[in-house]
>>> print(open('structure-v8.cif').read())   # mmCIF, C-alpha atoms
data_start
#
loop_
_atom_site.label_atom_id
_atom_site.label_comp_id
_atom_site.auth_asym_id
_atom_site.auth_seq_id
_atom_site.Cartn_x
_atom_site.Cartn_y
_atom_site.Cartn_z
CA MET A 1 2.87 34.67 3.30
CA SER A 2 1.30 31.36 4.22
CA THR A 3 2.63 28.41 6.18
CA HIS A 4 1.65 24.80 5.53
CA THR A 5 2.69 21.56 7.19
CA TYR A 6 3.06 18.23 5.39
CA ALA A 7 3.56 14.72 6.74
CA VAL A 8 6.66 13.12 5.24
CA GLU A 9 7.38 9.40 5.29
CA GLY A 10 10.83 7.87 5.63
CA MET A 11 12.90 10.58 7.30
CA THR A 12 15.02 9.27 10.17
CA CYS A 13 18.01 11.56 10.62
CA ALA A 14 19.57 14.99 10.14
CA HIS A 15 20.81 13.97 6.69
CA CYS A 16 17.20 13.23 5.68
CA ALA A 17 16.08 16.63 6.95
CA GLY A 18 18.89 18.34 5.06
CA ALA A 19 18.04 16.60 1.80
CA VAL A 20 14.37 17.57 2.04
CA THR A 21 15.25 21.15 3.04
CA ARG A 22 17.64 21.59 0.10
CA GLU A 23 15.10 20.38 -2.46
CA VAL A 24 12.14 22.35 -1.10
CA ARG A 25 14.20 25.58 -0.86
CA LYS A 26 14.70 25.41 -4.65
CA ILE A 27 11.00 26.15 -5.22
CA ASP A 28 10.21 29.73 -6.23
CA GLY A 29 8.39 31.62 -3.49
CA VAL A 30 9.55 29.43 -0.59
CA THR A 31 10.82 31.68 2.18
CA ASP A 32 11.31 29.20 5.03
CA VAL A 33 11.57 25.43 5.48
CA ALA A 34 11.50 23.54 8.79
CA VAL A 35 11.79 19.76 9.05
CA ASP A 36 11.00 17.81 12.22
CA VAL A 37 12.35 14.28 11.78
CA THR A 38 10.88 13.08 15.09
CA GLU A 39 7.36 14.15 14.10
CA GLY A 40 7.86 13.37 10.41
CA THR A 41 6.76 16.83 9.32
CA LEU A 42 7.79 19.48 6.85
CA THR A 43 6.64 23.05 7.41
CA VAL A 44 6.94 25.38 4.44
CA THR A 45 6.38 29.14 4.36
CA VAL A 46 5.69 30.59 0.93
CA ALA A 47 4.86 33.93 -0.58
CA GLY A 48 1.35 33.30 -1.85
CA THR A 49 -0.27 29.89 -2.12
CA PRO A 50 1.88 26.76 -2.03
CA ASP A 51 1.80 24.36 -4.95
CA ASP A 52 1.28 21.09 -3.07
CA ALA A 53 2.23 19.02 -6.12
CA GLU A 54 5.49 20.93 -6.53
CA ILE A 55 6.33 20.50 -2.85
CA ALA A 56 5.53 16.77 -3.03
CA ALA A 57 7.74 16.47 -6.12
CA ALA A 58 10.64 18.17 -4.31
CA VAL A 59 10.25 15.82 -1.34
CA ASP A 60 10.17 12.89 -3.77
CA GLU A 61 13.36 14.16 -5.44
CA ALA A 62 15.02 14.07 -2.01
CA GLY A 63 14.00 10.40 -1.68
CA TYR A 64 10.96 10.67 0.60
CA ALA A 65 7.21 10.96 0.22
CA VAL A 66 4.52 13.39 1.34
CA VAL A 67 1.68 11.33 2.84
CA ALA A 68 -1.89 12.10 3.86
CA ARG A 69 -2.49 12.65 7.55
#
>>> encode(input="structure-v8.cif", output="structure tokens")
Amino acid sequence: MSTHTYAVEGMTCAHCAGAVTREVRKIDGVTDVAVDVTEGTLTVTVAGTPDDAEIAAAVDEAGYAVVAR
């Protein structure tokens, strides 16, 4: 298991967090998702190594964007 945190742009409310959580949970190997709207972060725990591009695509599908810190 490994845990990685991503900065996400555009989230402002619980609905935003829910949308991101739902999309990221669809990724194979994801075991936990935590979104902090106040900090603008997404923390993902996966079995193995995360596919950053796949996570970014899921966040994009939810209507937000992973950004560099």
>>> residues_around(input="structure-v8.cif", residues="Ala56 of chain A", least_positions_apart="2", cutoff="10 Å", atoms="only C-alpha atoms", output="VMD selection string")
chain A and resid 6 8 24 51 to 54 58 to 62 64 to 67
>>> closest_residue(input="structure-v8.cif", among="A:Ala68, A:Val30, A:Val37, A:Met1", to="Cys13 of chain A", atoms="only C-alpha atoms")
A:Val37
>>> closest_residue(input="structure-v8.cif", among="A:Gly29, A:Gly63, A:Pro50, A:Gly40", to="Thr12 of chain A", atoms="only C-alpha atoms")
A:Gly40
>>> resolve_selection(input="structure-v8.cif", expression="the PyMOL selection byres ((chain A and resi 31) around 12)", output="PyMOL selection string")
chain A and resi 1-4+21+24-30+32-34+43-48+50
>>> atom_distance(input="structure-v8.cif", atom1="atom CA of Val35 of chain A", atom2="atom CA of Ala57 of chain A")
16.0 Å
>>> atom_distance(input="structure-v8.cif", atom1="atom CA of Thr41 of chain A", atom2="atom CA of Ala7 of chain A")
4.6 Å
>>> build_atoms(input="structure-v8.cif", residues="segment 10-27 of chain A", atoms="N, CA, C and O atoms", output="PDB file, keeping the file's coordinate frame")
ATOM      1  N   GLY A  10       9.500   8.402   5.893  1.00  0.00           N
ATOM      2  CA  GLY A  10      10.830   7.870   5.630  1.00  0.00           C
ATOM      3  C   GLY A  10      11.999   8.632   6.202  1.00  0.00           C
ATOM      4  O   GLY A  10      13.129   8.149   6.140  1.00  0.00           O
ATOM      5  N   MET A  11      11.779   9.814   6.745  1.00  0.00           N
ATOM      6  CA  MET A  11      12.900  10.580   7.300  1.00  0.00           C
ATOM      7  C   MET A  11      13.268  10.029   8.677  1.00  0.00           C
ATOM      8  O   MET A  11      12.394   9.804   9.504  1.00  0.00           O
ATOM      9  N   THR A  12      14.590   9.824   8.886  1.00  0.00           N
ATOM     10  CA  THR A  12      15.020   9.270  10.170  1.00  0.00           C
ATOM     11  C   THR A  12      16.197   9.998  10.807  1.00  0.00           C
ATOM     12  O   THR A  12      16.558   9.676  11.933  1.00  0.00           O
ATOM     13  N   CYS A  13      16.797  10.951  10.076  1.00  0.00           N
ATOM     14  CA  CYS A  13      18.010  11.560  10.620  1.00  0.00           C
ATOM     15  C   CYS A  13      18.208  12.984  10.084  1.00  0.00           C
ATOM     16  O   CYS A  13      17.444  13.458   9.245  1.00  0.00           O
ATOM     17  N   ALA A  14      19.255  13.620  10.564  1.00  0.00           N
ATOM     18  CA  ALA A  14      19.570  14.990  10.140  1.00  0.00           C
ATOM     19  C   ALA A  14      19.898  15.046   8.654  1.00  0.00           C
ATOM     20  O   ALA A  14      19.578  16.030   7.977  1.00  0.00           O
ATOM     21  N   HIS A  15      20.522  14.015   8.125  1.00  0.00           N
ATOM     22  CA  HIS A  15      20.810  13.970   6.690  1.00  0.00           C
ATOM     23  C   HIS A  15      19.513  13.999   5.888  1.00  0.00           C
ATOM     24  O   HIS A  15      19.417  14.697   4.874  1.00  0.00           O
ATOM     25  N   CYS A  16      18.513  13.252   6.342  1.00  0.00           N
ATOM     26  CA  CYS A  16      17.200  13.230   5.680  1.00  0.00           C
ATOM     27  C   CYS A  16      16.608  14.637   5.677  1.00  0.00           C
ATOM     28  O   CYS A  16      16.122  15.122   4.643  1.00  0.00           O
ATOM     29  N   ALA A  17      16.637  15.277   6.827  1.00  0.00           N
ATOM     30  CA  ALA A  17      16.080  16.630   6.950  1.00  0.00           C
ATOM     31  C   ALA A  17      16.807  17.590   6.021  1.00  0.00           C
ATOM     32  O   ALA A  17      16.183  18.426   5.365  1.00  0.00           O
ATOM     33  N   GLY A  18      18.117  17.471   5.936  1.00  0.00           N
ATOM     34  CA  GLY A  18      18.890  18.340   5.060  1.00  0.00           C
ATOM     35  C   GLY A  18      18.557  18.144   3.597  1.00  0.00           C
ATOM     36  O   GLY A  18      18.447  19.109   2.835  1.00  0.00           O
ATOM     37  N   ALA A  19      18.372  16.897   3.189  1.00  0.00           N
ATOM     38  CA  ALA A  19      18.040  16.600   1.800  1.00  0.00           C
ATOM     39  C   ALA A  19      16.690  17.193   1.425  1.00  0.00           C
ATOM     40  O   ALA A  19      16.531  17.810   0.365  1.00  0.00           O
ATOM     41  N   VAL A  20      15.702  17.028   2.297  1.00  0.00           N
ATOM     42  CA  VAL A  20      14.370  17.570   2.040  1.00  0.00           C
ATOM     43  C   VAL A  20      14.436  19.102   2.018  1.00  0.00           C
ATOM     44  O   VAL A  20      13.883  19.743   1.113  1.00  0.00           O
ATOM     45  N   THR A  21      15.122  19.692   2.970  1.00  0.00           N
ATOM     46  CA  THR A  21      15.250  21.150   3.040  1.00  0.00           C
ATOM     47  C   THR A  21      15.868  21.708   1.765  1.00  0.00           C
ATOM     48  O   THR A  21      15.358  22.675   1.191  1.00  0.00           O
ATOM     49  N   ARG A  22      16.950  21.104   1.307  1.00  0.00           N
ATOM     50  CA  ARG A  22      17.640  21.590   0.100  1.00  0.00           C
ATOM     51  C   ARG A  22      16.713  21.562  -1.118  1.00  0.00           C
ATOM     52  O   ARG A  22      16.677  22.524  -1.896  1.00  0.00           O
ATOM     53  N   GLU A  23      15.974  20.489  -1.290  1.00  0.00           N
ATOM     54  CA  GLU A  23      15.100  20.380  -2.460  1.00  0.00           C
ATOM     55  C   GLU A  23      13.925  21.353  -2.399  1.00  0.00           C
ATOM     56  O   GLU A  23      13.587  21.990  -3.398  1.00  0.00           O
ATOM     57  N   VAL A  24      13.315  21.478  -1.233  1.00  0.00           N
ATOM     58  CA  VAL A  24      12.140  22.350  -1.100  1.00  0.00           C
ATOM     59  C   VAL A  24      12.549  23.816  -1.241  1.00  0.00           C
ATOM     60  O   VAL A  24      11.814  24.617  -1.833  1.00  0.00           O
ATOM     61  N   ARG A  25      13.725  24.186  -0.754  1.00  0.00           N
ATOM     62  CA  ARG A  25      14.200  25.580  -0.860  1.00  0.00           C
ATOM     63  C   ARG A  25      14.389  26.025  -2.313  1.00  0.00           C
ATOM     64  O   ARG A  25      14.394  27.221  -2.602  1.00  0.00           O
ATOM     65  N   LYS A  26      14.521  25.088  -3.235  1.00  0.00           N
ATOM     66  CA  LYS A  26      14.700  25.410  -4.650  1.00  0.00           C
ATOM     67  C   LYS A  26      13.423  25.943  -5.304  1.00  0.00           C
ATOM     68  O   LYS A  26      13.469  26.524  -6.381  1.00  0.00           O
ATOM     69  N   ILE A  27      12.286  25.749  -4.655  1.00  0.00           N
ATOM     70  CA  ILE A  27      11.000  26.150  -5.220  1.00  0.00           C
ATOM     71  C   ILE A  27      10.835  27.661  -5.111  1.00  0.00           C
ATOM     72  O   ILE A  27      11.042  28.245  -4.038  1.00  0.00           O
TER      73      ILE A  27
END
